[in-house]
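All remarks here apply to the structure that follows.
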There are 2 protein chains.
Amino acid sequence: MGLAEQYLLPFLNNHWIEVVASCILIYFANLFLERKGTNSSKVPVNEAMTNKSLPSRSRGTQNVIKKGGVGDDDEEEEEASNLVEPLWPDDLQHVPYPHIKLAPEESLRRSNEFYELMNKRRSVRFFSSDPVPREVIDNLIRTAGTAPSGAHTEPWTFVAVGDQEIKKEIRAIVEAEEEINYSKRMGSQWVNDLKGLRTTWVKEYLTEAAWIILVFKQTYGILPDGRKRNHYYHEISTALAGGILLSAIQNAGLVTLTSTPLNCGPQLRTLLNRSSNEKMMLLLPVGYPRHDATVPDLKRKPLDEIMAVV
Amino acid sequence: MGLAEQYLLPFLNNHWIEVVASCILIYFANLFLERKGTNSSKVPVNEAMTNKSLPSRSRGTQNVIKKGGVGDDDEEEEEASNLVEPLWPDDLQHVPYPHIKLAPEESLRRSNEFYELMNKRRSVRFFSSDPVPREVIDNLIRTAGTAPSGAHTEPWTFVAVGDQEIKKEIRAIVEAEEEINYSKRMGSQWVNDLKGLRTTWVKEYLTEAAWIILVFKQTYGILPDGRKRNHYYHEISTALAGGILLSAIQNAGLVTLTSTPLNCGPQLRTLLNRSSNEKMMLLLPVGYPRHDATVPDLKRKPLDEIMAVV
């Protein structure tokens with residue numbers, strides 16, 4: 001005689017009603033807890049960009065509108081869908097787009113030239129401490145601010161750090177977290193994949209480079225009356241601004257090291273007095289390269305490996 | 001006498017052991033189901049970039065390494081953490097970084113010039129059908145491919161569509177989904193916020209522009225033996241490449257409209273025969289502007305609203 005027949009079946013026979021009742025009880029308790037938001041960290045946050053199907057209005061509302069696009073944190077968006085004044089008046093003027101039409105040969109020449117310039121870009125870890133004028137940094141950030149954004153919300157903040165003491169504090173925060181990242185969080189595959197590039201958790205460049213530019217996305221806007229304004233697609237918009245910033249840095253003869261220090265965001269936000277709607281996306285030391293700077297001898301993929309033509 | 005005293009307390013008194021047993025049973029069933037991955041869509045996918053705390057190794061491994069960075073889909077990453085050959089040999093050569101040091105005045109002049117160029121960029125919805133040479137498109141994509149990427153994995157694919165029939169099919173897919181987006185998925189706040197910009201679900205520019213460039217992120221790489229290779233930070237890396245692409249388009253005297261069509265990704269991936277590790281991030285019509293193109297009369301935020309200096 002099996003265990004099931006000996007114990008389980010008689011038990012269920014006598015007590016099935018209690019078992020069913022408990023199940024129902026737990027099911028509703030679970031539902032209730034989810035509504036209270038205690039499970040909110042389990043909700044997927046970037047549905048909009050991964051293009052999963054959005055079969056119903058409610059799902060679309062929950063994941064796309066309420067959250068304002070890609071990569072939001074859930075809790076802070078909860079009230080964002082209260083209707084506020086439209087961003088632009090209905091009768092916003094539309095004006096001629098001023099442009100001079102280039103000949104195709106001129107487009108070709110310019111596209112070649114820009115490729116040659118950008119192809120010299122490398123992530124550099126060795127900076128000279130030569131000063132970079134504040135006006136140059138202003139221009140770089142002005143340029144990044146020309147990026148397109150969802151409904152023209154311009155959901156970004158750039159913090160330029162030139163103060164040596166603050167740079168030291170940033171370095172201390174990043175090095176402490178990076179040591180844990182390398183030794184515990186990243187795991188052996190990631191650490192092995194980086195070994196040839198000779199990156200470590202020691203980041204001298206954070207105190208050597210003339211400036212550090214930190215790029216924050218604004219996950220929502222704040223209206224004068226304190227209500228929240230949706231920032232559609234703030235994640236991709238701010239990242240595109242970051243790409244334009246990299247172009248501007250390269251064009252100005254400066255170098256940077258594109259970094260996204262894992263787990264440092266909240267501490268850096270506090271250090272730099274940023275508001276709770278601002279989330280760090282990129283940390284870029286910016287300056288002139290040291291005369292003896294080296295880079296790993298990497299090649300880029302050939303065009304046919306990154307491009308398909310239809 | 002309350003309901004609790006009349007029914008609940010006697011019930012619990014007689015049957016508490018069954019209730020506790022059921023709870024334990026359901027708890028373990030739940031755990032088991034989560035391990036099986038049936039709940040995987042609830043796992044947060046962009047922890048790395050939102051910088052939530054990662055207290056333990058296992059959480060770091062689950063969310064960052066296994067998923068290869070930001071914005072992955074969960075299900076397809078499950079085996080990605082099996083150890084594979086490191087990306088680069090340990091003894092990868094490091095070579096001098098070739099550069100000519102610019103004088104600060106020269107950096108300033110160039111940064112000004114580039115700002116003036118990029119500040120003329122606008123999202124344009126009216127394209128001339130004048131052809132754009134294939135060589136120009138090649139150069140634009142070559143330039144985008146100079147972007148930095150996590151561990152230099154170059155996790156991107158650019159699909160350039162010049163064929164008029166395929167452009168028509170893309171337009172049909174996008175317009176069908178956008179009509180549903182505007183009428184059902186986006187909700188009234190979003191639709192109101194766009195009204196002044198006069199965007200609709202009708203996208204003539206998709207068949208008017210000489211080219212459409214679609215930017216796909218590769219959520220993982222595929223090794224010759226079929227195993228998966230982690231693509232760290234593929235989301236932000238590909239978006240940065242997108243920003244550089246926008247700079248290159250503007251520099252070549254061309255225009256585009258930066259779009260992230262909601263819900264069209266899977267259909268476009270199928271239409272263009274892309275592999276399952278490729279996810280659409282951006283769809284960019286590229287060409288010369290129509291002579292009578294108009295743009296909404298928007299201003300950009302002044303520098304002090306997007307920049308802080310420390």
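Here's how to read the names in the structure tokens: chain A, B, ... by the order shown, residue numbers from 1 in each chain, ligand numbers from 1 in the order shown.
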
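Counting only C-alpha atoms, region 240-242 of chain B has the following residues at most 9 Å away, ignoring those fewer than 5 positions along the same chain: A:Ile236, A:Ala239, A:Leu240, A:Ala241, A:Gly242, A:Gly243, A:Ile244, A:Leu246, B:Thr143, B:Ala144, B:Gly145, B:Thr146, B:Ala147, B:Pro148, B:Ser149, B:Trp156, B:Val215, B:Glu235, B:Ser247, B:Met281, B:Leu282.
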
Could you write those residues out with all heavy atoms, as a compact mmCIF listing (two decimals), in the first residue's frame?
# COMPACT_ATOMS: atom_id res chain seq x y z
N ILE A 236 15.47 55.80 -23.61
CA ILE A 236 16.13 55.83 -24.92
C ILE A 236 16.47 57.26 -25.32
O ILE A 236 17.52 57.51 -25.91
CB ILE A 236 15.29 55.11 -25.99
CG1 ILE A 236 16.01 55.11 -27.34
CG2 ILE A 236 13.93 55.75 -26.18
CD1 ILE A 236 16.36 53.76 -27.82
N ALA A 239 19.66 58.17 -23.59
CA ALA A 239 20.79 57.42 -24.16
C ALA A 239 21.19 57.98 -25.52
O ALA A 239 22.38 58.05 -25.85
CB ALA A 239 20.43 55.94 -24.27
N LEU A 240 20.21 58.40 -26.33
CA LEU A 240 20.53 59.03 -27.61
C LEU A 240 21.31 60.33 -27.38
O LEU A 240 22.29 60.61 -28.08
CB LEU A 240 19.25 59.32 -28.41
CG LEU A 240 18.49 58.09 -28.96
CD1 LEU A 240 17.14 58.51 -29.54
CD2 LEU A 240 19.30 57.34 -30.00
N ALA A 241 20.89 61.10 -26.37
CA ALA A 241 21.63 62.32 -26.02
C ALA A 241 23.06 61.95 -25.63
O ALA A 241 24.02 62.66 -25.97
CB ALA A 241 20.93 63.06 -24.89
N GLY A 242 23.21 60.82 -24.94
CA GLY A 242 24.55 60.34 -24.57
C GLY A 242 25.40 60.03 -25.79
O GLY A 242 26.60 60.34 -25.83
N GLY A 243 24.79 59.44 -26.82
CA GLY A 243 25.53 59.14 -28.05
C GLY A 243 25.96 60.41 -28.77
O GLY A 243 27.08 60.49 -29.30
N ILE A 244 25.10 61.42 -28.76
CA ILE A 244 25.46 62.70 -29.37
C ILE A 244 26.57 63.36 -28.56
O ILE A 244 27.51 63.95 -29.11
CB ILE A 244 24.21 63.59 -29.50
CG1 ILE A 244 23.23 62.95 -30.50
CG2 ILE A 244 24.58 65.01 -29.94
CD1 ILE A 244 21.88 63.64 -30.61
N LEU A 246 28.91 61.78 -26.91
CA LEU A 246 30.16 61.09 -27.26
C LEU A 246 30.72 61.64 -28.58
O LEU A 246 31.93 61.82 -28.72
CB LEU A 246 29.93 59.58 -27.40
CG LEU A 246 29.55 58.81 -26.13
CD1 LEU A 246 29.40 57.32 -26.44
CD2 LEU A 246 30.60 59.00 -25.03
N THR B 143 29.74 54.61 -39.16
CA THR B 143 29.97 55.58 -38.09
C THR B 143 29.25 55.16 -36.82
O THR B 143 29.83 55.20 -35.72
CB THR B 143 29.49 56.98 -38.54
OG1 THR B 143 30.08 57.28 -39.81
CG2 THR B 143 29.90 58.04 -37.54
N ALA B 144 28.00 54.73 -36.95
CA ALA B 144 27.25 54.25 -35.77
C ALA B 144 28.00 53.10 -35.11
O ALA B 144 28.03 52.98 -33.88
CB ALA B 144 25.85 53.83 -36.18
N GLY B 145 28.64 52.27 -35.93
CA GLY B 145 29.36 51.10 -35.43
C GLY B 145 30.65 51.44 -34.68
O GLY B 145 31.31 50.54 -34.17
N THR B 146 31.01 52.74 -34.61
CA THR B 146 32.18 53.11 -33.81
C THR B 146 31.81 53.35 -32.35
O THR B 146 32.67 53.71 -31.54
CB THR B 146 32.84 54.40 -34.34
OG1 THR B 146 31.94 55.51 -34.14
CG2 THR B 146 33.19 54.30 -35.82
N ALA B 147 30.54 53.17 -32.00
CA ALA B 147 30.10 53.41 -30.61
C ALA B 147 30.81 52.45 -29.66
O ALA B 147 31.20 51.35 -30.05
CB ALA B 147 28.59 53.22 -30.51
N PRO B 148 30.96 52.87 -28.40
CA PRO B 148 31.48 51.94 -27.40
C PRO B 148 30.41 50.92 -27.04
O PRO B 148 29.23 51.16 -27.25
CB PRO B 148 31.74 52.86 -26.20
CG PRO B 148 30.75 53.97 -26.35
CD PRO B 148 30.58 54.17 -27.83
N SER B 149 30.84 49.76 -26.54
CA SER B 149 29.86 48.75 -26.10
C SER B 149 30.44 47.95 -24.95
O SER B 149 31.66 47.90 -24.78
CB SER B 149 29.49 47.82 -27.27
OG SER B 149 30.64 47.20 -27.80
N TRP B 156 24.91 45.08 -32.08
CA TRP B 156 23.93 45.80 -32.89
C TRP B 156 23.86 45.30 -34.32
O TRP B 156 24.82 44.76 -34.87
CB TRP B 156 24.26 47.30 -32.88
CG TRP B 156 25.72 47.60 -32.99
CD1 TRP B 156 26.57 47.28 -34.02
CD2 TRP B 156 26.54 48.27 -32.00
NE1 TRP B 156 27.84 47.71 -33.74
CE2 TRP B 156 27.86 48.32 -32.52
CE3 TRP B 156 26.28 48.83 -30.75
CZ2 TRP B 156 28.92 48.92 -31.81
CZ3 TRP B 156 27.34 49.42 -30.06
CH2 TRP B 156 28.63 49.46 -30.59
N VAL B 215 17.28 49.94 -36.35
CA VAL B 215 18.38 49.61 -35.45
C VAL B 215 17.91 48.50 -34.51
O VAL B 215 16.92 48.67 -33.79
CB VAL B 215 18.81 50.85 -34.63
CG1 VAL B 215 19.99 50.51 -33.73
CG2 VAL B 215 19.14 52.02 -35.55
N GLU B 235 21.55 47.16 -24.36
CA GLU B 235 20.51 48.18 -24.55
C GLU B 235 21.14 49.57 -24.66
O GLU B 235 20.93 50.29 -25.63
CB GLU B 235 19.53 48.13 -23.36
CG GLU B 235 18.55 49.28 -23.30
CD GLU B 235 17.19 48.92 -23.87
OE1 GLU B 235 16.95 47.72 -24.11
OE2 GLU B 235 16.39 49.83 -24.09
N SER B 247 23.84 61.86 -35.18
CA SER B 247 24.85 62.88 -35.47
C SER B 247 25.33 62.76 -36.91
O SER B 247 25.49 63.76 -37.62
CB SER B 247 26.05 62.75 -34.53
OG SER B 247 25.65 62.71 -33.19
N MET B 281 15.02 48.53 -31.83
CA MET B 281 15.03 49.66 -30.90
C MET B 281 14.57 50.95 -31.56
O MET B 281 13.89 51.74 -30.95
CB MET B 281 16.45 49.89 -30.37
CG MET B 281 16.86 48.93 -29.30
SD MET B 281 18.42 49.49 -28.54
CE MET B 281 17.84 50.88 -27.56
N LEU B 282 15.02 51.18 -32.79
CA LEU B 282 14.73 52.45 -33.46
C LEU B 282 14.37 52.19 -34.91
O LEU B 282 14.92 51.28 -35.54
CB LEU B 282 15.96 53.37 -33.44
CG LEU B 282 16.43 53.92 -32.10
CD1 LEU B 282 17.81 54.55 -32.26
CD2 LEU B 282 15.43 54.93 -31.55

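Considering only region 258-306 of chain B, backbone DSSP assigns alpha helix (DSSP H) to Gly265, Pro266, Gln267, Leu268, Arg269, Thr270, Leu271, Leu303, Asp304, Glu305 and Ile306 of chain B.
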
Q. Which polymer residues have any atom within 12 Å of an atom of Arg109 (chain A), counting only C-alpha atoms, with same-chain residues fewer than 6 positions away left out, as a ChimeraX atom specification?
A. /A:102-103,115-116 /B:133,135-136,139-140,248,251-253

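Taking CA of Pro261 (chain B) and CA of Lys168 (chain B) as the two end points, the separation is 15.5 Å.
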
(Q) as a PyMOL selection string, please: every residue in region 170-270 of chain A that DSSP puts in strand (DSSP E or B). (A) chain A and resi 211-218+220-222+228-230+255-256+259

**Q.** Residue with smallest distance to Leu92 (chain A) - pool B:Ala210, B:Ser129, B:Val310, B:Val295, counting only C-alpha atoms
**A.** B:Val295

(Q) So that I can see what lies close to Leu257 (chain B), please list as a VMD selection string the residues with an atom at most 8 Å from it, counting only C-alpha atoms and leaving out residues fewer than 2 positions away in the same chain. (A) chain B and resid 123 to 125 255 259 284 to 286
